[in-house]
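Peer 1: Mind looking over this structure? Questions follow.
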Amino acid sequence: TRIGTNADATTTPAAASSVFAALKGLDNQSQVFNNNGTFTVPAGVRVVDVLAVGAGGGGSGNNAYNGDTTRYSGGGGGGGIVMATGINLTGISSVTVTVGTAGAAGTANNNGGNGGNSTFGNFLTAYGGYGGVWSNPSSTYSRGGSALIGISTDTSSSTANGGPSPVSSPAIGASGTTYFCGSSAFCVSGGASGGLGNTGGASIYANGGAVGTGSYGSAGGGGASLGSGGQGGISGGTGSAGNLYGGGGGGASQDYSNNTIGGVGAKGVVIVMW
């Protein structure tokens with residue numbers, strides 16, 4: 001089944017969202033992978049549709065203020081999303097499925113962990129979001145993940161707000177971008193995190209996490225994916241975890257006397273439909 005056109009993926013976010021809704025309505029069965037596994041192709045099935053979401057990056061931690069230096073914590077980037085229709089499995093009995101693991105929460109003076117990639121064999125990759133960056137003090141951010149058809153390390157294929165590698169100066173808290181990434185596929189980059197006290201970037205499905213404020217360094221919200229980003233820590237508190245699936249964790253707010261930790265990113269998911 002092929003749904004949509006090139007124009008559908010590049011005009012409005014609603015167009016890409018409607019594609020997934022249409023897929024769910026047309027396909028009769030599905031298998032959800034919350035962990036790594038193997039998709040065994042059912043008898044008589046030759047074509048499947050796949051939704052994959054990369055995991056969210058973890059929010060960065062922060063150190064105690066103790067009358068020293070105000071420091072800021074960035075949230076984690078949201079995981080990339082790919083929706084692919086009409087994947088031909090003729091002659092294939094099984095496909096290896098990898099589900100991105102959540103980006104770890106950053107501890108004191110440490111960045112958050114990167115979210116893991118989600119893959120469906122060699123057919124597609126939804127990249128995880130990058131971990132939040134701890135700052136002394138400067139503008140901090142973390143990129144959201146992109147999604148590509150096929151497994152690739154070609155960073156030129158990334159979009160402005162997401163991708164396999166960071167860039168020097170994207171807009172802080174930039175929203176994820178919807179783009180056409182194959183003959184029958186739509187991709188959505190995860191929202192960039194909020195840094196230096198900014199709200200996390202949204203995706204077409206969810207909002208970025210709210211900024212966390214306090215008497216000392218503020219905390220950026222996590223970037224969104226299929227799930228929303230976690231809120232930055234408030235008044236010296238821990239960052240909130242990202243929401244399923246793929247939301248980035250919020251950064252930690254700086255406390256006067258105690259070290260604080262960021263929020264963990266949300267894991268990814270792979271859904272196969274036929």
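Identifiers in the structure tokens: chain A, B, ... in order shown; residue index from 1 per chain; ligand index from 1 in order shown.
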For segment 100-115 of chain A, list every protein, DNA or RNA residue within 9 Å, evaluated using only C-alpha atoms, and leave out those in the same chain fewer than 5 positions away; present the list as a ChimeraX atom specification.

Peer 2: /A:34-36,53-64,73-79,126-135,145,239,241,246,248-252,259-269

Peer 1: In Å, with one decimal, what is the gap from atom CA of Ser193 of chain A to atom CA of Ala52 of chain A?

Peer 2: 20.3 Å

Peer 1: With segment 205-218 of chain A as the partner and 7 Å as the cut-off, tabulate the residues of segment 22-117 of chain A that qualify, each row holding the nearest pair of atoms and their distance in Å to one decimal, using only C-alpha atoms, sorted by chain and rising number, as a Markdown table.

Peer 2:
| residue | atom | partner | partner_atom | distance |
| --- | --- | --- | --- | --- |
| A:Thr70 | CA | A:Gly217 | CA | 5.1 |
| A:Arg71 | CA | A:Gly217 | CA | 4.9 |
| A:Tyr72 | CA | A:Gly217 | CA | 4.8 |
| A:Ser73 | CA | A:Ser218 | CA | 6.8 |

Peer 1: Can those selected residues be exported to a file as a PDB file, in the first residue's frame so that it contains all heavy atoms?

Peer 2:
ATOM      1  N   THR A  70      26.929  30.224  38.279  1.00  0.00           N
ATOM      2  CA  THR A  70      25.644  29.776  37.758  1.00  0.00           C
ATOM      3  C   THR A  70      25.879  28.947  36.502  1.00  0.00           C
ATOM      4  O   THR A  70      26.580  29.375  35.585  1.00  0.00           O
ATOM      5  CB  THR A  70      24.753  30.977  37.409  1.00  0.00           C
ATOM      6  OG1 THR A  70      24.484  31.713  38.605  1.00  0.00           O
ATOM      7  CG2 THR A  70      23.449  30.521  36.783  1.00  0.00           C
ATOM      8  N   ARG A  71      25.290  27.773  36.478  1.00  0.00           N
ATOM      9  CA  ARG A  71      25.455  26.881  35.332  1.00  0.00           C
ATOM     10  C   ARG A  71      24.088  26.421  34.847  1.00  0.00           C
ATOM     11  O   ARG A  71      23.135  26.338  35.605  1.00  0.00           O
ATOM     12  CB  ARG A  71      26.333  25.686  35.692  1.00  0.00           C
ATOM     13  CG  ARG A  71      27.718  26.097  36.199  1.00  0.00           C
ATOM     14  CD  ARG A  71      28.532  24.887  36.603  1.00  0.00           C
ATOM     15  NE  ARG A  71      29.738  25.265  37.335  1.00  0.00           N
ATOM     16  CZ  ARG A  71      30.909  25.543  36.772  1.00  0.00           C
ATOM     17  NH1 ARG A  71      31.019  25.508  35.459  1.00  0.00           N
ATOM     18  NH2 ARG A  71      31.950  25.861  37.506  1.00  0.00           N
ATOM     19  N   TYR A  72      24.026  26.087  33.568  1.00  0.00           N
ATOM     20  CA  TYR A  72      22.764  25.729  32.939  1.00  0.00           C
ATOM     21  C   TYR A  72      22.799  24.285  32.442  1.00  0.00           C
ATOM     22  O   TYR A  72      23.855  23.745  32.135  1.00  0.00           O
ATOM     23  CB  TYR A  72      22.493  26.665  31.763  1.00  0.00           C
ATOM     24  CG  TYR A  72      22.368  28.115  32.168  1.00  0.00           C
ATOM     25  CD1 TYR A  72      23.501  28.913  32.311  1.00  0.00           C
ATOM     26  CD2 TYR A  72      21.130  28.679  32.441  1.00  0.00           C
ATOM     27  CE1 TYR A  72      23.402  30.241  32.698  1.00  0.00           C
ATOM     28  CE2 TYR A  72      21.022  29.997  32.824  1.00  0.00           C
ATOM     29  CZ  TYR A  72      22.153  30.779  32.960  1.00  0.00           C
ATOM     30  OH  TYR A  72      22.055  32.086  33.339  1.00  0.00           O
ATOM     31  N   SER A  73      21.612  23.704  32.358  1.00  0.00           N
ATOM     32  CA  SER A  73      21.500  22.323  31.895  1.00  0.00           C
ATOM     33  C   SER A  73      20.545  22.246  30.710  1.00  0.00           C
ATOM     34  O   SER A  73      19.436  22.764  30.773  1.00  0.00           O
ATOM     35  CB  SER A  73      20.980  21.415  33.012  1.00  0.00           C
ATOM     36  OG  SER A  73      21.890  21.367  34.080  1.00  0.00           O
TER      37      SER A  73
END

Peer 1: Which is closest to Gly91 of chain A among A:Asn28, A:Thr238, A:Met273, A:Arg46, if we use only C-alpha atoms?

Peer 2: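 Checking each candidate against Gly91 of chain A, we get A:Arg46 as the closest.
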
Peer 1: Quick one: pull the distance between atom CA of Thr40 of chain A and atom CA of Gly116 of chain A, Å, one decimal.

Peer 2: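 For atom CA of Thr40 of chain A relative to atom CA of Gly116 of chain A, the distance reads 22.9 Å.
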
Peer 1: Rank nothing, just name the residue among A:Val32, A:Leu89, A:Val45, A:Ile81 nearest to Trp274 of chain A, using only C-alpha atoms.

Peer 2: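 Ranked by minimum distance to Trp274 of chain A, first place goes to A:Val45.
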
Peer 1: Excluding Gly121 of chain A and its own-chain neighbours fewer than 6 positions away, which residues fall within 12 Å of it when counting only C-alpha atoms? Please give them as a list in words.

Peer 2: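 In the requested form, the answer reads Asn36, Gly37, Thr38, Phe39, Thr40, Val50, Ala52, Ile87, Leu89, Ile92, Ser94, Val95, Thr96, Val97, Thr98, Val99, Ile149, Gly150, Ile151, Val270 and Val272 of chain A.
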
Peer 1: If I take atom CA of Gly67 of chain A and atom CA of Asn258 of chain A, how far is one from the other in Å, to one decimal?

Peer 2: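 So the two atoms, atom CA of Gly67 of chain A and atom CA of Asn258 of chain A, lie 12.0 Å apart.
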